[in-house]
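Undergrad: File query-v9.cif follows (mmCIF, C-alpha atoms):
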data_model
#
loop_
_atom_site.label_atom_id
_atom_site.label_comp_id
_atom_site.auth_asym_id
_atom_site.auth_seq_id
_atom_site.Cartn_x
_atom_site.Cartn_y
_atom_site.Cartn_z
CA MET A 1 66.59 118.79 149.84
CA CYS A 2 65.60 116.10 147.45
CA GLY A 3 68.19 117.22 144.86
CA CYS A 4 71.13 115.93 146.91
CA ALA A 5 69.71 112.55 147.80
CA GLY A 6 70.25 110.96 144.35
CA LYS A 7 74.04 111.46 144.22
CA ALA A 8 76.25 108.64 145.52
CA LEU A 9 79.07 109.54 147.85
CA ASP A 10 82.57 109.38 146.38
CA PRO A 11 84.68 106.84 148.32
CA TRP A 12 87.70 109.19 147.85
CA PRO A 13 86.45 112.67 148.72
CA GLY A 14 88.44 115.50 147.22
CA ARG A 15 89.80 113.61 144.21
CA SER A 16 89.69 115.23 140.79
CA THR A 17 86.58 114.65 138.74
CA VAL A 18 88.61 114.91 135.51
CA ASN A 19 88.91 111.66 133.59
CA PRO A 20 92.48 110.41 134.15
CA GLY A 21 92.74 109.50 130.47
CA GLY A 22 92.22 113.16 129.60
CA ALA A 23 89.41 112.52 127.12
CA ASP A 24 85.70 112.12 127.54
CA PRO A 25 85.15 108.32 127.51
CA THR A 26 81.85 108.63 125.65
CA ALA A 27 83.49 110.75 122.93
CA ALA A 28 86.34 108.25 122.58
CA ALA A 29 83.86 105.39 122.26
CA ALA A 30 81.93 107.30 119.57
CA ARG A 31 85.07 107.86 117.47
CA ALA A 32 85.56 105.02 115.03
CA PRO A 33 89.04 103.59 114.51
CA PRO A 34 90.69 104.48 111.19
CA GLU A 35 89.36 102.34 108.36
CA HIS A 36 91.72 99.97 106.54
CA TRP A 37 91.97 100.34 102.74
CA GLN A 38 90.60 97.10 101.30
CA GLY A 39 92.94 97.21 98.30
CA TYR A 40 96.06 97.40 100.49
CA ASP A 41 96.45 93.64 100.50
CA LEU A 42 96.55 93.65 96.68
CA LEU A 43 99.68 95.82 96.47
CA ALA A 44 102.04 92.85 96.28
CA THR A 45 100.10 91.49 93.28
CA LEU A 46 100.19 94.72 91.27
CA ALA A 47 102.77 95.19 88.54
CA LEU A 48 105.27 98.05 88.68
CA ALA A 49 105.00 100.24 85.58
CA SER A 50 108.65 101.21 86.11
CA ASP A 51 111.27 100.49 88.76
CA LYS A 52 112.48 104.09 88.52
CA PRO A 53 110.34 106.64 90.44
CA SER A 54 108.97 109.50 88.35
CA PRO A 55 107.88 113.06 89.21
CA THR A 56 104.46 113.33 90.81
CA ASN A 57 103.27 116.47 88.99
CA ASN A 58 100.22 117.37 91.10
CA HIS A 59 100.92 115.20 94.17
CA GLU A 60 103.13 117.62 96.16
CA PRO A 61 105.92 117.45 93.56
CA PHE A 62 108.64 118.95 95.74
CA ARG A 63 108.00 116.45 98.52
CA TRP A 64 107.30 113.18 96.68
CA LYS A 65 108.25 111.12 93.68
CA MET A 66 106.23 108.03 92.79
CA ARG A 67 106.12 104.60 91.29
CA VAL A 68 102.94 103.43 89.59
CA ARG A 69 101.55 99.99 90.39
CA ILE A 70 98.77 98.60 88.22
CA SER A 71 96.72 95.45 87.77
CA PRO A 72 98.92 93.08 85.73
CA GLY A 73 96.33 92.63 82.97
CA ALA A 74 96.26 96.40 82.38
CA LEU A 75 100.03 97.03 82.39
CA SER A 76 100.51 96.89 78.61
CA SER A 77 97.61 99.27 78.00
CA TYR A 78 98.96 101.67 80.61
CA LEU A 79 102.50 101.65 79.20
CA ASN A 80 101.11 102.45 75.72
CA TRP A 81 98.75 105.16 77.02
CA ARG A 82 97.39 107.73 74.55
CA ALA A 83 94.23 109.69 73.87
CA GLY A 84 91.29 107.31 73.54
CA SER A 85 92.86 104.57 75.68
CA ALA A 86 90.75 102.85 78.32
CA LEU A 87 91.40 100.37 81.10
CA PRO A 88 89.04 97.49 81.90
CA ASP A 89 86.70 97.42 84.88
CA GLY A 90 88.39 95.98 87.94
CA THR A 91 91.72 97.72 87.22
CA TRP A 92 93.69 99.18 90.14
CA VAL A 93 96.14 102.04 89.55
CA VAL A 94 98.21 103.00 92.60
CA ALA A 95 100.66 105.89 92.93
CA GLU A 96 103.16 104.72 95.54
CA HIS A 97 104.83 107.86 96.90
CA LEU A 98 108.43 108.01 98.04
CA ALA A 99 110.11 110.98 99.75
CA ARG A 100 112.36 112.81 97.30
CA GLN A 101 115.17 113.07 99.84
CA ASP A 102 115.43 109.58 101.34
CA ASN A 103 112.94 107.28 99.52
CA GLU A 104 110.89 106.84 102.71
CA LEU A 105 107.50 105.37 101.82
CA GLY A 106 104.72 107.95 101.74
CA PRO A 107 101.00 107.77 101.01
CA TYR A 108 99.35 105.61 98.41
CA TYR A 109 96.94 107.39 96.04
CA PHE A 110 94.74 104.83 94.36
CA ALA A 111 92.10 104.57 91.66
CA HIS A 112 89.88 101.55 91.18
CA LYS A 113 87.77 101.26 88.05
CA THR A 114 84.32 99.83 88.63
CA ALA A 115 81.23 99.59 86.45
CA GLN A 116 80.18 102.93 88.01
CA GLY A 117 83.49 104.61 87.05
CA TRP A 118 86.70 105.40 88.87
CA GLN A 119 86.79 105.42 92.66
CA PHE A 120 89.70 107.52 94.01
CA GLY A 121 91.23 107.46 97.45
CA ALA A 122 94.40 107.60 99.53
CA SER A 123 95.93 105.68 102.37
CA SER A 124 98.85 105.91 104.74
CA PRO A 125 101.87 103.66 104.13
CA GLU A 126 100.29 101.28 106.66
CA GLY A 127 97.04 101.05 104.68
CA LEU A 128 94.80 103.31 106.79
CA LEU A 129 92.40 105.35 104.69
CA LEU A 130 93.00 109.09 104.56
CA ALA A 131 90.29 111.70 104.20
CA PRO A 132 89.05 111.77 100.59
CA ALA A 133 90.07 114.75 98.50
CA GLU A 134 87.76 116.28 95.93
CA GLY A 135 90.85 117.38 93.99
CA CYS A 136 91.52 113.83 92.75
CA VAL A 137 88.29 113.68 90.77
CA LEU A 138 88.59 117.25 89.50
CA CYS A 139 92.16 116.86 88.27
CA HIS A 140 91.64 113.41 86.74
CA LYS A 141 88.71 114.74 84.68
CA ASP A 142 91.42 116.52 82.63
CA ALA A 143 93.42 113.35 81.94
CA PRO A 144 94.13 112.51 78.29
CA ALA A 145 92.06 109.31 78.46
CA ASP A 146 89.78 107.40 80.82
CA GLU A 147 90.49 109.80 83.72
CA ILE A 148 94.04 108.41 84.02
CA PHE A 149 97.36 110.12 83.38
CA GLY A 150 99.62 107.58 81.73
CA PRO A 151 103.41 107.66 81.54
CA GLY A 152 104.63 111.12 80.55
CA SER A 153 101.23 112.80 81.00
CA VAL A 154 101.11 116.12 82.83
CA PRO A 155 97.92 117.60 84.26
CA THR A 156 96.91 120.69 82.29
CA ASN A 157 95.48 122.43 85.34
CA SER A 158 98.65 121.99 87.43
CA THR A 159 100.24 125.05 88.98
CA GLU A 160 102.13 123.11 91.66
CA VAL A 161 104.97 122.17 89.33
CA GLN A 162 106.19 125.78 89.31
CA ARG A 163 106.00 126.22 93.11
CA PRO A 164 109.16 125.36 95.04
CA ASP A 165 107.20 124.89 98.28
CA GLY A 166 105.05 122.14 96.74
CA GLY A 167 101.88 123.89 97.97
#
Go ahead and express the file in the form of structure tokens.
TA:
Amino acid sequence: MCGCAGKALDPWPGRSTVNPGGADPTAAAARAPPEHWQGYDLLATLALASDKPSPTNNHEPFRWKMRVRISPGALSSYLNWRAGSALPDGTWVVAEHLARQDNELGPYYFAHKTAQGWQFGASSPEGLLLAPAEGCVLCHKDAPADEIFGPGSVPTNSTEVQRPDGG
């Protein structure tokens, strides 16, 4: 008898007990909103390495092409990239992806060089961070210099270039 006494009466008997929003409100509150990429606001200040988009090699090559944006002070070093080259701490390198068919803006893949090394990541075209991929670090370890593929570099571990599905 005591088990029923603690429950308040519903003012609308017979209504559904399912949350009208469809989701558990406590779960929705626990989910954090997507995080904004802090470097997104720097994009307008980065220099374009070339106006003409180039192949993406390992970044879904049959879906995207890309333009490289880089910190202005590192542009010359990047354009003259060769084995043994290095970029200074603080440098941003951003692969701005464009759809091969219609040039629609795609994701940004970025690398930021800090005193601790390169930090890799990706964001949506709107600047929301995407889930980090371990593949960035693994592939860039094979770069000709400083974990960066400069103009004309092709990853040696790439098999995607031969696959027409881009997978």
Undergrad: Choose the residue, out of A:Ser71, A:Asn57, A:Ser76, A:Gln38, that has the smallest atom-to-atom separation from A:Thr91; count only C-alpha atoms.
TA: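 Once distances to A:Thr91 are computed over only C-alpha atoms, the minimum belongs to A:Ser71.
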Undergrad: Apply the PyMOL selection byres ((chain A and resi 97) around 6) to the displayed file and report the matching residues as a list in words.
TA: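 Applied to this file, the PyMOL selection byres ((chain A and resi 97) around 6) returns Trp64, Lys65, Met66, Glu96, Leu98, Gly106 and Pro107 of chain A.
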Undergrad: How would the residues just picked look written out with C-alpha atoms as an mmCIF file, in the coordinates of the input?
TA:
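In the end it all went to out-v5.cif:
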data_model
loop_
_atom_site.group_PDB
_atom_site.id
_atom_site.type_symbol
_atom_site.label_atom_id
_atom_site.label_comp_id
_atom_site.auth_asym_id
_atom_site.auth_seq_id
_atom_site.Cartn_x
_atom_site.Cartn_y
_atom_site.Cartn_z
ATOM 1 C CA TRP A 64 107.300 113.180 96.680
ATOM 2 C CA LYS A 65 108.250 111.120 93.680
ATOM 3 C CA MET A 66 106.230 108.030 92.790
ATOM 4 C CA GLU A 96 103.160 104.720 95.540
ATOM 5 C CA LEU A 98 108.430 108.010 98.040
ATOM 6 C CA GLY A 106 104.720 107.950 101.740
ATOM 7 C CA PRO A 107 101.000 107.770 101.010
#
Undergrad: I'd like the neighbourhood of A:Glu134 as an NGL selection string, where a residue qualifies if any of its atoms comes within 12 Å (using all atoms listed in the file), though same-chain residues fewer than 5 positions away should be ignored.
TA: :A and (119-122 or 139-141)
Undergrad: In Å, with one decimal, what is the gap from atom CA of A:His36 to atom CA of A:Ser123?
TA: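 Computed distance, atom CA of A:His36 to atom CA of A:Ser123, equals 8.2 Å.
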Undergrad: Contacts of A:Gly117 at 10 Å or less, counting all atoms listed in the file, minus same-chain residues fewer than 3 places along, as a ChimeraX atom specification?
TA: /A:89-90,111-114,120,146-147
Undergrad: Name the residues that the PyMOL selection byres ((chain A and resi 39) around 9) picks from the file above, as a count of residues only, using the file's chain letters and numbers.
TA: 11
Undergrad: Please write the residues picked by the PyMOL selection byres ((chain A and resi 51-54) around 7) on this file as a list in words.
TA: Leu48, Ser50, Pro55, Thr56, Lys65, Met66 and Arg67 of chain A
Undergrad: Would you mind reading off the distance between atom CA of A:Arg100 and atom CA of A:Trp118, one decimal, in Å?
TA: 28.0 Å
Undergrad: In Å, with one decimal, what is the gap from atom CA of A:Tyr109 to atom CA of A:Ala95?
TA: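 Separation of atom CA of A:Tyr109 and atom CA of A:Ala95: 5.1 Å.
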Undergrad: Return the single residue from A:Ser124, A:Ala49, A:Asn58, A:Trp81 that is closest to A:Ile148, with distances computed using all atoms listed in the file.
TA: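 Closest residue, counting all atoms listed in the file: A:Trp81.
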Undergrad: Kindly indicate which residue among A:Pro72, A:Gly84, A:Leu128, A:Phe62 lies nearest to A:Gly150, using all atoms listed in the file for the distances.
TA: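 Result for the nearest residue to A:Gly150: A:Gly84.
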Undergrad: Which one of A:Ala131, A:Ala99, A:Cys136, A:Glu35 sits closest to A:Phe149 if you count all atoms listed in the file?
TA: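 The closest residue to A:Phe149 is A:Cys136.
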